[in-house]
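Shown next: work-v4.cif, containing mmCIF, C-alpha atoms.
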```cif
data_structure
#
loop_
_atom_site.label_atom_id
_atom_site.label_comp_id
_atom_site.auth_asym_id
_atom_site.auth_seq_id
_atom_site.Cartn_x
_atom_site.Cartn_y
_atom_site.Cartn_z
CA MET Y 6 79.83 95.46 121.96
CA THR Y 7 82.59 97.34 123.66
CA VAL Y 8 85.95 97.23 122.02
CA ALA Y 9 88.87 96.72 124.36
CA THR Y 10 90.75 99.79 125.47
CA GLN Y 11 93.84 100.88 123.66
CA SER Y 12 96.82 98.62 123.98
CA ILE Y 13 100.21 100.20 124.45
CA ASN Y 14 101.61 98.55 121.36
CA ARG Y 15 98.60 99.07 119.09
CA ALA Y 16 97.89 102.22 117.09
CA PRO Y 17 94.28 103.22 116.35
CA ARG Y 18 94.97 103.62 112.68
CA PRO Y 19 97.87 103.50 110.21
CA SER Y 20 100.41 106.24 110.83
CA SER Y 21 100.87 107.31 107.24
CA LEU Y 22 98.19 108.74 104.97
CA ALA Y 23 99.33 106.39 102.23
CA ASP Y 24 98.45 103.46 104.46
CA VAL Y 25 95.11 105.03 105.39
CA LEU Y 26 94.31 105.33 101.69
CA GLU Y 27 95.26 101.73 101.21
CA VAL Y 28 92.73 100.70 103.85
CA VAL Y 29 89.80 102.73 102.56
CA LEU Y 30 90.30 103.09 98.82
CA ASP Y 31 89.89 99.68 97.31
CA LYS Y 32 87.83 98.13 100.08
CA GLY Y 33 84.44 98.58 101.66
CA ILE Y 34 80.95 97.87 100.45
CA VAL Y 35 80.08 99.21 97.03
CA ILE Y 36 76.46 100.23 96.85
CA ASP Y 37 74.91 98.81 93.76
CA ALA Y 38 72.67 100.19 91.04
CA TYR Y 39 71.35 103.75 90.94
CA VAL Y 40 73.47 105.38 93.61
CA ARG Y 41 76.55 104.35 91.79
CA VAL Y 42 75.81 107.06 89.24
CA ALA Y 43 76.44 109.65 91.91
CA VAL Y 44 79.43 107.86 93.33
CA VAL Y 45 83.12 108.11 92.78
CA GLY Y 46 84.14 105.33 90.47
CA ILE Y 47 85.66 103.31 93.27
CA GLU Y 48 85.57 100.18 91.20
CA LEU Y 49 87.97 101.84 88.81
CA LEU Y 50 90.37 102.69 91.56
CA THR Y 51 93.23 100.51 92.44
CA ILE Y 52 96.33 101.28 94.39
CA ASP Y 53 98.45 101.70 91.34
CA ALA Y 54 101.32 103.64 92.85
CA ARG Y 55 102.64 100.66 94.75
CA ILE Y 56 106.21 99.78 94.33
CA VAL Y 57 106.83 96.82 92.12
CA ILE Y 58 109.19 94.64 94.07
CA ALA Y 59 111.02 93.51 90.98
CA SER Y 60 112.31 96.90 89.94
CA VAL Y 61 115.65 97.94 88.55
CA ASP Y 62 115.88 100.51 91.28
CA THR Y 63 115.51 97.90 94.00
CA TYR Y 64 117.95 95.51 92.38
CA LEU Y 65 120.65 98.14 92.17
CA ARG Y 66 120.14 99.06 95.79
CA PHE Y 67 120.50 95.43 96.90
CA ALA Y 68 123.58 94.92 94.75
CA GLU Y 69 125.09 97.92 96.46
CA ALA Y 70 123.98 96.76 99.90
CA VAL Y 71 125.54 93.30 99.74
CA ASN Y 72 128.80 94.69 98.54
CA ARG Y 73 128.93 97.26 101.26
CA LEU Y 74 128.15 94.51 103.71
CA ASP Y 75 130.80 92.17 102.48
CA LEU Y 76 133.56 94.74 102.47
CA GLN Y 77 133.28 95.46 106.15
CA PRO Y 78 133.89 93.21 109.12
CA ASP Y 79 130.99 92.00 111.27
CA GLY Y 80 129.64 94.41 113.83
CA GLN Y 81 130.94 97.50 112.13
CA VAL Y 82 128.10 97.87 109.67
CA SER Y 83 125.24 97.24 112.03
CA GLY Y 84 126.90 99.47 114.57
CA LEU Y 85 126.49 102.53 112.41
CA PRO Y 86 123.28 104.27 113.38
CA GLY Y 87 123.23 106.24 110.17
CA MET Y 88 123.03 103.07 108.17
CA MET Y 89 119.98 101.84 110.07
CA GLU Y 90 118.26 105.10 109.52
CA GLU Y 91 118.92 104.87 105.85
CA ILE Y 92 117.33 101.44 105.66
CA THR Y 93 114.20 102.52 107.45
CA GLU Y 94 113.79 105.62 105.37
CA GLY Y 95 114.50 103.75 102.18
CA GLY Y 96 111.69 101.36 102.97
CA ALA Y 97 109.23 104.12 103.64
CA SER Y 98 110.01 106.19 100.62
CA SER Y 99 110.03 103.36 98.14
CA LYS Y 100 106.63 102.26 99.38
CA THR Y 101 104.79 104.93 97.44
CA LYS Y 102 107.51 106.14 95.21
CA GLY Y 103 106.23 107.35 91.87
CA ALA Y 104 107.60 106.28 88.57
CA LEU Y 105 109.34 109.58 88.06
CA SER Y 106 111.45 109.55 91.17
CA GLY Y 107 112.20 105.89 90.53
CA ALA Y 108 113.50 106.76 87.11
CA ALA Y 109 115.54 109.59 88.53
CA ASP Y 110 117.09 107.14 90.95
CA LYS Y 111 117.93 104.77 88.21
CA ALA Y 112 119.63 107.48 86.29
CA ARG Y 113 121.55 108.52 89.38
CA ASP Y 114 122.54 104.96 90.10
CA ALA Y 115 123.68 104.33 86.58
CA LEU Y 116 125.62 107.56 86.69
CA SER Y 117 127.14 106.77 90.03
CA SER Y 118 128.21 103.38 88.77
CA LEU Y 119 130.30 105.16 86.19
CA THR Y 120 131.72 107.82 88.45
CA ASP Y 121 131.87 106.34 91.95
CA ASP Y 122 134.28 103.84 93.33
CA GLU Y 123 131.90 102.40 95.90
CA ASP Y 124 133.39 104.55 98.58
CA GLU Y 125 131.95 106.33 101.58
CA GLU Y 126 131.08 109.39 99.58
CA GLU Y 127 127.95 107.80 98.19
CA GLU Y 128 126.80 106.58 101.55
CA GLU Y 129 127.04 110.05 102.94
CA GLU Y 130 125.02 111.46 100.12
CA ARG Y 131 122.05 109.18 100.54
CA PRO Y 132 120.35 110.58 103.60
CA ARG Y 133 120.37 114.01 102.03
CA ARG Y 134 118.37 113.03 99.01
CA ARG Y 135 115.68 111.14 100.90
CA PRO Y 136 113.53 114.15 101.79
CA ALA Y 137 113.09 115.05 98.15
CA LYS Y 138 111.81 111.58 97.41
CA LYS Y 139 109.29 111.73 100.20
CA THR Y 140 107.82 114.84 98.69
CA ALA Y 141 107.47 113.07 95.40
CA ALA Y 142 105.70 110.18 97.09
CA LYS Y 143 103.17 112.53 98.63
CA ARG Y 144 102.44 114.13 95.31
CA THR Y 145 101.82 110.74 93.79
CA SER Y 146 99.12 109.86 96.25
CA SER Y 147 97.46 113.25 95.95
CA SER Y 148 97.14 112.96 92.23
CA ARG Y 149 95.63 109.54 92.67
CA THR Y 150 92.90 110.96 94.85
CA SER Y 151 92.23 113.81 92.48
CA ARG Y 152 91.76 111.39 89.68
CA SER Y 153 89.01 109.64 91.57
CA SER Y 154 87.23 112.91 92.04
CA SER Y 155 87.37 113.84 88.42
CA THR Y 156 85.78 110.50 87.70
CA ARG Y 157 82.96 111.45 89.98
CA ARG Y 158 82.47 114.81 88.36
CA ARG Y 159 82.41 113.29 84.95
CA ARG Y 160 79.81 110.81 86.05
CA GLN Y 161 77.62 113.40 87.62
CA GLU Y 162 77.59 115.58 84.60
CA GLY Y 163 76.89 112.67 82.27
CA MET B 11 76.65 120.32 98.68
CA ALA B 12 76.36 116.56 98.70
CA LEU B 13 76.63 113.83 101.30
CA LEU B 14 79.58 111.54 101.62
CA VAL B 15 78.25 108.26 102.97
CA LEU B 16 80.84 106.68 105.22
CA GLY B 17 79.37 103.54 106.64
CA VAL B 18 76.29 101.70 107.83
CA VAL B 19 75.34 100.91 111.43
CA ARG B 20 72.21 99.71 113.20
CA GLN B 21 69.35 102.07 113.87
CA GLY B 22 69.80 103.49 117.36
CA HIS B 23 73.60 103.41 117.21
CA PRO B 24 74.91 106.24 119.44
CA SER B 25 75.63 109.39 117.49
CA PRO B 26 79.32 109.87 116.81
CA ARG B 27 78.84 113.56 117.53
CA ALA B 28 78.30 112.81 121.19
CA LYS B 29 81.89 111.58 121.31
CA ARG B 30 83.23 114.69 119.63
CA LYS B 31 81.37 117.41 121.48
CA ASP B 32 84.47 119.60 121.66
CA ASP B 33 85.07 119.41 117.95
CA ASP B 34 82.82 121.90 116.17
CA ALA B 35 84.15 120.85 112.78
CA PHE B 36 83.04 117.27 113.28
CA ASP B 37 79.76 117.11 111.38
CA VAL B 38 79.08 113.41 110.95
CA ARG B 39 75.44 112.52 111.52
CA LEU B 40 73.37 109.39 111.25
CA VAL B 41 70.57 109.11 108.70
CA GLU B 42 68.15 106.40 109.77
CA SER B 43 65.76 104.20 107.89
CA GLY B 44 64.18 101.01 109.18
CA ASP B 45 66.64 98.99 111.21
CA LEU B 46 69.63 100.75 109.72
CA ALA B 47 71.46 104.04 109.81
CA ALA B 48 74.11 105.55 107.56
CA ALA B 49 76.88 107.83 108.81
CA VAL B 50 77.10 110.83 106.50
CA THR B 51 79.05 114.04 106.29
CA GLU B 52 78.51 117.03 104.04
CA ILE B 53 81.00 117.70 101.30
CA ASP B 54 81.40 120.28 98.63
CA ASP B 55 80.66 118.25 95.53
CA GLU B 56 82.75 120.53 93.36
CA SER B 57 85.99 119.89 95.23
CA PRO B 58 88.09 116.78 94.83
CA LEU B 59 88.22 114.44 97.80
CA THR B 60 91.52 114.61 99.58
CA GLU B 61 93.69 112.37 101.71
CA GLU B 62 92.29 114.19 104.73
CA ASP B 63 88.80 113.13 103.67
CA ALA B 64 90.04 109.55 103.56
CA ALA B 65 91.56 109.87 107.02
CA HIS B 66 88.31 111.42 108.28
CA HIS B 67 86.35 108.56 106.72
CA LEU B 68 88.43 105.94 108.52
CA ASP B 69 88.59 107.85 111.81
CA THR B 70 84.80 108.17 111.87
CA LEU B 71 84.27 104.47 111.28
CA ILE B 72 86.77 103.65 114.02
CA LEU B 73 84.86 105.96 116.34
CA LEU B 74 81.55 104.29 115.47
CA LEU B 75 83.05 100.85 115.97
CA ARG B 76 83.43 101.54 119.69
CA ASP B 77 79.65 101.31 120.08
CA GLY B 78 78.70 98.47 117.82
CA PRO B 79 79.09 96.85 114.42
CA VAL B 80 79.99 99.03 111.44
CA LEU B 81 80.00 98.27 107.74
CA PRO B 82 82.47 100.44 105.87
CA LEU B 83 81.28 101.78 102.55
CA ALA B 84 83.76 102.29 99.76
CA PHE B 85 85.42 105.67 100.25
CA GLY B 86 83.85 108.21 97.91
CA THR B 87 80.28 106.95 98.06
CA VAL B 88 78.37 110.17 97.41
CA SER B 89 74.66 110.79 97.66
CA PRO B 90 72.85 114.00 96.66
CA ASP B 91 70.69 114.18 99.81
CA GLU B 92 69.33 112.30 102.82
CA ASP B 93 66.35 110.90 100.94
CA ALA B 94 68.66 109.23 98.48
CA VAL B 95 70.69 107.80 101.35
CA ARG B 96 67.53 106.26 102.78
CA THR B 97 66.05 104.90 99.59
CA GLU B 98 69.12 103.97 97.61
CA VAL B 99 71.65 103.01 100.21
CA LEU B 100 69.73 101.74 103.23
CA ASP B 101 66.38 100.51 101.89
CA ALA B 102 67.63 99.12 98.60
CA THR B 103 69.75 96.43 100.23
CA ALA B 104 68.36 96.50 103.75
CA ALA B 105 68.22 92.74 104.24
CA ASP B 106 71.74 92.25 102.97
CA LEU B 107 73.15 95.08 105.08
CA ALA B 108 71.39 93.82 108.21
CA GLU B 109 72.78 90.35 107.63
CA ARG B 110 76.25 91.72 107.13
CA LEU B 111 76.02 93.80 110.31
CA GLU B 112 75.02 90.68 112.17
CA GLY B 113 78.01 88.91 110.66
CA VAL B 114 80.55 91.46 111.87
CA ASP B 115 78.98 92.09 115.27
CA GLY B 116 81.57 91.64 117.98
CA LEU B 117 84.41 91.31 115.51
CA VAL B 118 87.20 93.70 114.62
CA GLU B 119 90.08 93.74 112.18
CA THR B 120 93.67 94.44 113.12
CA ARG B 121 96.67 94.73 110.87
CA LEU B 122 100.25 93.85 111.47
CA GLU B 123 103.17 94.98 109.38
CA VAL B 124 106.58 93.52 110.07
CA ASN B 125 109.64 94.92 108.36
CA PHE B 126 112.57 92.61 108.95
CA ASP B 127 115.99 94.12 109.36
CA GLU B 128 117.75 94.14 106.03
CA GLN B 129 121.28 93.98 107.38
CA ALA B 130 120.58 90.81 109.32
CA ALA B 131 118.92 89.17 106.33
CA LEU B 132 121.70 90.18 103.93
CA ARG B 133 124.33 88.93 106.33
CA ASP B 134 122.57 85.59 106.59
CA ILE B 135 122.28 85.27 102.83
CA MET B 136 125.88 86.26 102.17
CA ALA B 137 127.10 83.83 104.80
CA ASN B 138 125.12 80.88 103.49
CA ASP B 139 124.77 81.35 99.75
CA PRO B 140 127.96 80.81 97.73
CA GLU B 141 126.23 81.76 94.49
CA VAL B 142 125.32 85.21 95.73
CA ARG B 143 128.76 85.65 97.24
CA GLY B 144 130.29 84.77 93.88
CA MET B 145 128.11 87.26 92.04
CA ALA B 146 128.95 89.95 94.57
CA ALA B 147 132.65 89.32 94.06
CA GLN B 148 132.13 89.69 90.34
CA THR B 149 130.50 93.10 90.67
CA ARG B 150 133.39 94.29 92.78
CA ASP B 151 135.84 93.29 90.08
CA ASP B 152 133.82 95.15 87.48
CA SER B 153 131.58 97.49 89.41
CA GLY B 154 130.52 99.50 86.37
CA ALA B 155 128.79 96.62 84.58
CA LEU B 156 125.11 97.33 85.04
CA ASP B 157 123.88 93.90 83.91
CA ILE B 158 126.00 92.08 86.47
CA ARG B 159 124.86 94.37 89.24
CA LEU B 160 121.24 93.89 88.20
CA ALA B 161 121.63 90.12 88.19
CA LEU B 162 123.11 90.26 91.66
CA GLY B 163 120.34 92.54 92.88
CA GLU B 164 117.68 90.30 91.41
CA ALA B 165 119.19 87.24 93.07
CA VAL B 166 119.43 89.05 96.39
CA SER B 167 115.84 90.26 96.10
CA ALA B 168 114.61 86.69 95.51
CA ARG B 169 116.68 85.35 98.41
CA LEU B 170 115.34 88.07 100.68
CA MET B 171 111.76 87.13 99.86
CA ASP B 172 112.52 83.47 100.62
CA TRP B 173 114.20 84.52 103.85
CA ARG B 174 111.23 86.64 104.85
CA ARG B 175 108.83 83.80 104.06
CA LEU B 176 110.68 81.50 106.44
CA GLN B 177 110.61 84.10 109.19
CA ALA B 178 106.93 84.87 108.62
CA ASP B 179 105.97 81.19 108.63
CA ALA B 180 107.68 80.80 111.98
CA LEU B 181 106.12 83.97 113.37
CA LEU B 182 102.49 83.55 112.35
CA PRO B 183 101.55 80.56 114.56
CA ARG B 184 102.80 82.49 117.60
CA LEU B 185 100.38 85.31 116.83
CA THR B 186 97.16 83.63 115.92
CA GLY B 187 96.07 81.81 119.07
CA ALA B 188 93.12 84.15 119.62
CA VAL B 189 92.47 84.98 115.99
CA HIS B 190 89.39 84.03 113.98
CA SER B 191 90.89 84.38 110.49
CA VAL B 192 94.11 85.56 108.91
CA ALA B 193 94.65 87.16 105.52
CA GLU B 194 98.02 87.90 104.08
CA LEU B 195 98.16 91.37 102.60
CA GLU B 196 100.28 92.35 99.65
CA SER B 197 103.71 93.47 100.72
CA GLN B 198 105.62 96.35 99.26
CA GLU B 199 109.16 95.31 100.05
CA PRO B 200 110.93 91.94 99.93
CA LEU B 201 111.41 92.02 103.70
CA GLN B 202 107.96 93.31 104.53
CA GLN B 203 105.28 90.98 105.80
CA ARG B 204 101.70 92.18 106.29
CA TRP B 205 98.70 90.43 107.72
CA ALA B 206 95.12 91.31 108.56
CA PHE B 207 93.58 89.50 111.50
CA LEU B 208 89.92 88.97 112.19
CA VAL B 209 89.46 88.79 115.93
CA SER B 210 86.57 89.03 118.35
CA ALA B 211 86.64 92.25 120.33
CA GLU B 212 86.68 90.19 123.50
CA ARG B 213 89.89 88.43 122.55
CA LEU B 214 91.68 91.49 121.23
CA GLY B 215 93.68 91.67 124.45
CA GLU B 216 95.07 88.21 123.82
CA LEU B 217 96.17 89.16 120.34
CA ASP B 218 97.73 92.33 121.76
CA GLU B 219 99.74 90.24 124.18
CA ALA B 220 100.89 87.86 121.48
CA VAL B 221 101.97 90.76 119.27
CA GLY B 222 103.71 92.44 122.20
CA ALA B 223 105.60 89.26 123.04
CA GLN B 224 106.74 88.73 119.46
CA ARG B 225 107.69 92.36 119.10
CA SER B 226 109.95 91.98 122.11
CA ALA B 227 111.33 88.71 120.82
CA LEU B 228 112.16 90.26 117.45
CA GLY B 229 113.85 93.21 119.13
CA ASN B 230 116.02 95.04 116.64
CA GLY B 231 115.50 92.26 114.13
CA ALA B 232 112.33 93.87 112.82
CA SER B 233 110.15 96.94 113.11
CA VAL B 234 106.51 96.17 113.82
CA GLU B 235 103.45 98.30 113.15
CA TYR B 236 100.29 97.02 114.75
CA VAL B 237 97.01 98.81 113.98
CA GLY B 238 93.45 98.42 115.14
CA PRO B 239 90.71 97.87 115.95
CA LEU B 240 89.49 98.70 112.46
CA PRO B 241 86.08 97.96 110.97
CA ILE B 242 86.07 94.72 109.00
CA TYR B 243 87.52 95.49 105.60
CA THR B 244 89.64 92.55 104.53
CA PHE B 245 87.16 89.91 105.59
CA LEU B 246 84.02 91.40 104.06
CA ALA B 247 82.14 89.16 101.70
CA PRO B 248 81.85 90.69 98.20
CA SER B 249 79.18 93.32 97.62
CA PRO B 250 75.78 92.06 96.45
CA GLY B 251 76.29 93.33 92.94
CA ASN B 252 79.79 91.99 92.91
CA ARG B 253 79.43 88.45 94.19
CA SER B 254 81.60 87.08 91.47
CA GLY B 255 84.12 89.83 92.11
CA SER B 256 87.80 89.64 92.65
CA GLN B 257 87.98 90.04 96.41
CA GLN B 258 90.20 87.39 97.88
CA SER B 259 88.61 87.20 101.27
CA ALA B 260 85.15 85.88 100.60
CA TRP B 261 84.64 84.21 103.91
CA GLY B 262 80.96 84.12 103.31
CA TRP B 263 79.57 84.43 106.79
#
```
Would you encode the structure as structure tokens?
Amino acid sequence: MTVATQSINRAPRPSSLADVLEVVLDKGIVIDAYVRVAVVGIELLTIDARIVIASVDTYLRFAEAVNRLDLQPDGQVSGLPGMMEEITEGGASSKTKGALSGAADKARDALSSLTDDEDEEEEEERPRRRPAKKTAAKRTSSSRTSRSSSTRRRRQEG
Amino acid sequence: MALLVLGVVRQGHPSPRAKRKDDDAFDVRLVESGDLAAAVTEIDDESPLTEEDAAHHLDTLILLLRDGPVLPLAFGTVSPDEDAVRTEVLDATAADLAERLEGVDGLVETRLEVNFDEQAALRDIMANDPEVRGMAAQTRDDSGALDIRLALGEAVSARLMDWRRLQADALLPRLTGAVHSVAELESQEPLQQRWAFLVSAERLGELDEAVGAQRSALGNGASVEYVGPLPIYTFLAPSPGNRSGSQQSAWGW
């Protein structure tokens, strides 16, 4: 078998490590019986850092988004490149966002609902706090992998 | 040291090392027994596996897939030495593994992730859904009330998922002309749609074209990530010891 050569619009593998982990972690053939003793407890592993779609954090973001949308005439909103960037980044960061950063967001949102008047100030702030969240997401997936390894060590010693 | 067992191929499968001659750090080798061979790499069994190990695992299987069928083993399958790989991985379930290799021969998996543009979806919903418009107006009158904002957000989230479902249902038939099987993968955002496709390597070009055409048609309306060819993951039948398991894609061939 020869697999077709690379298509221009197809990537050889997922671009983010989080997506790579998603491919390999909870899938693949589990070898039965004896070898399992010397194996990472893959069966115990699930991708547990996934975002839950129905989250307070997400709801508040959508509530904010529709209001921002409604307040501005057509064309103006989608014409802002900064806004598009924010959407893309928001999607990526929430994908693997840990509980902690989610909670921090909630707190910030609740706070901003008391102090902000839905003005441009908040929109300008958003892009600046994204990088911090990405770091948190990375930490989350690292700790997940470490946990699997400690499972293995425990099993080997036992 | 221990061996991380990455995947299973047929005996005689070209060594992946031959493809990575320039890479001294690439130490994957094939351990053969009977009609089968396992791709293994040495690891320090005291250190935790990392994301890079996972990427290496997948990259190696992708490399092997160029030369023939590959069965991915669960990431983290560790064996103390080559003898154990032969007796406990390859020989123990030789018939089953050979059958599975036969089953995936000539087939590959690709994955497609479509993230629909949120602004377009929100605009559509606000234009056509008086209830959501009414709730939005309410939050503007009293923007500090958290419960009202949450109710609005929840309604919007549900509408977005419905909206995405409609788009995805329209999109899928335009993609699957050359495809053997489709599995919907769990999405992480209301506007995210993910699929895995099982396609014969020979018809991968047709799927590429279909994806390319739809990507163009969607334009700025969605971002599209298209990945492959991957070893068959989504469409693997459950492991022998796990036949009653929870995998959704028990296609059984």
task: Write out as number ranges by chain every residue belonging to chain B that has an atom at most 7 Å from any atom of chain Y, counting all atoms listed in the file.
output: B: 58-61, 64-65, 68, 76-78, 82-89, 98-99, 116, 129, 132, 146, 153-154, 159-160, 162-164, 166-167, 198-200, 211-212, 214-215, 218, 222, 236-239, 243, 249, 251
query: Any chance you could work out the residue set of the PyMOL selection byres ((chain B and resi 224) around 12) here, as a ChimeraX atom specification?
result: /Y:14 /B:122,124,177-178,180-186,217-223,225-236
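For Arg204 (chain B), the list of residues within 8 Å, based on all atoms listed in the file and with local chain neighbours fewer than 2 positions off taken out, reads Arg121, Leu122, Glu123, Val124, Glu194, Leu195, Glu196, Ser197, Gln202 and Ala206 of chain B.
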Expected file: the selected residues, C-alpha atoms, as a PDB file, in the coordinates of the input:
```pdb
ATOM      1  CA  ARG B 121      96.670  94.730 110.870  1.00  0.00           C
ATOM      2  CA  LEU B 122     100.250  93.850 111.470  1.00  0.00           C
ATOM      3  CA  GLU B 123     103.170  94.980 109.380  1.00  0.00           C
ATOM      4  CA  VAL B 124     106.580  93.520 110.070  1.00  0.00           C
ATOM      5  CA  GLU B 194      98.020  87.900 104.080  1.00  0.00           C
ATOM      6  CA  LEU B 195      98.160  91.370 102.600  1.00  0.00           C
ATOM      7  CA  GLU B 196     100.280  92.350  99.650  1.00  0.00           C
ATOM      8  CA  SER B 197     103.710  93.470 100.720  1.00  0.00           C
ATOM      9  CA  GLN B 202     107.960  93.310 104.530  1.00  0.00           C
ATOM     10  CA  ALA B 206      95.120  91.310 108.560  1.00  0.00           C
TER      11      ALA B 206
END
```
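From CA of Met171 (chain B) back to CA of Leu201 (chain B), the distance works out to 6.2 Å.
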message: Between CA of Val41 (chain B) and CA of Arg27 (chain B), what is the distance in Å, rounded to a tenth?
response: 12.9 Å
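From CA of Ile242 (chain B) back to CA of Arg110 (chain B), the distance works out to 10.4 Å.
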- prompt: Taking the file as shown, what set of residues would the PyMOL selection byres ((chain B and resi 44) around 10) give back, as a ChimeraX atom specification?
  reply: /B:20-21,42-43,45-47,96,100-101,104
- prompt: What do you get, as a list of chain:residue names, if you spell out every residue that the PyMOL selection byres ((chain B and resi 145) around 9) selects here?
  reply: B:Pro140, B:Glu141, B:Val142, B:Arg143, B:Gly144, B:Ala146, B:Ala147, B:Gln148, B:Thr149, B:Arg150, B:Ile158, B:Arg159, B:Ala161, B:Leu162, B:Ala165
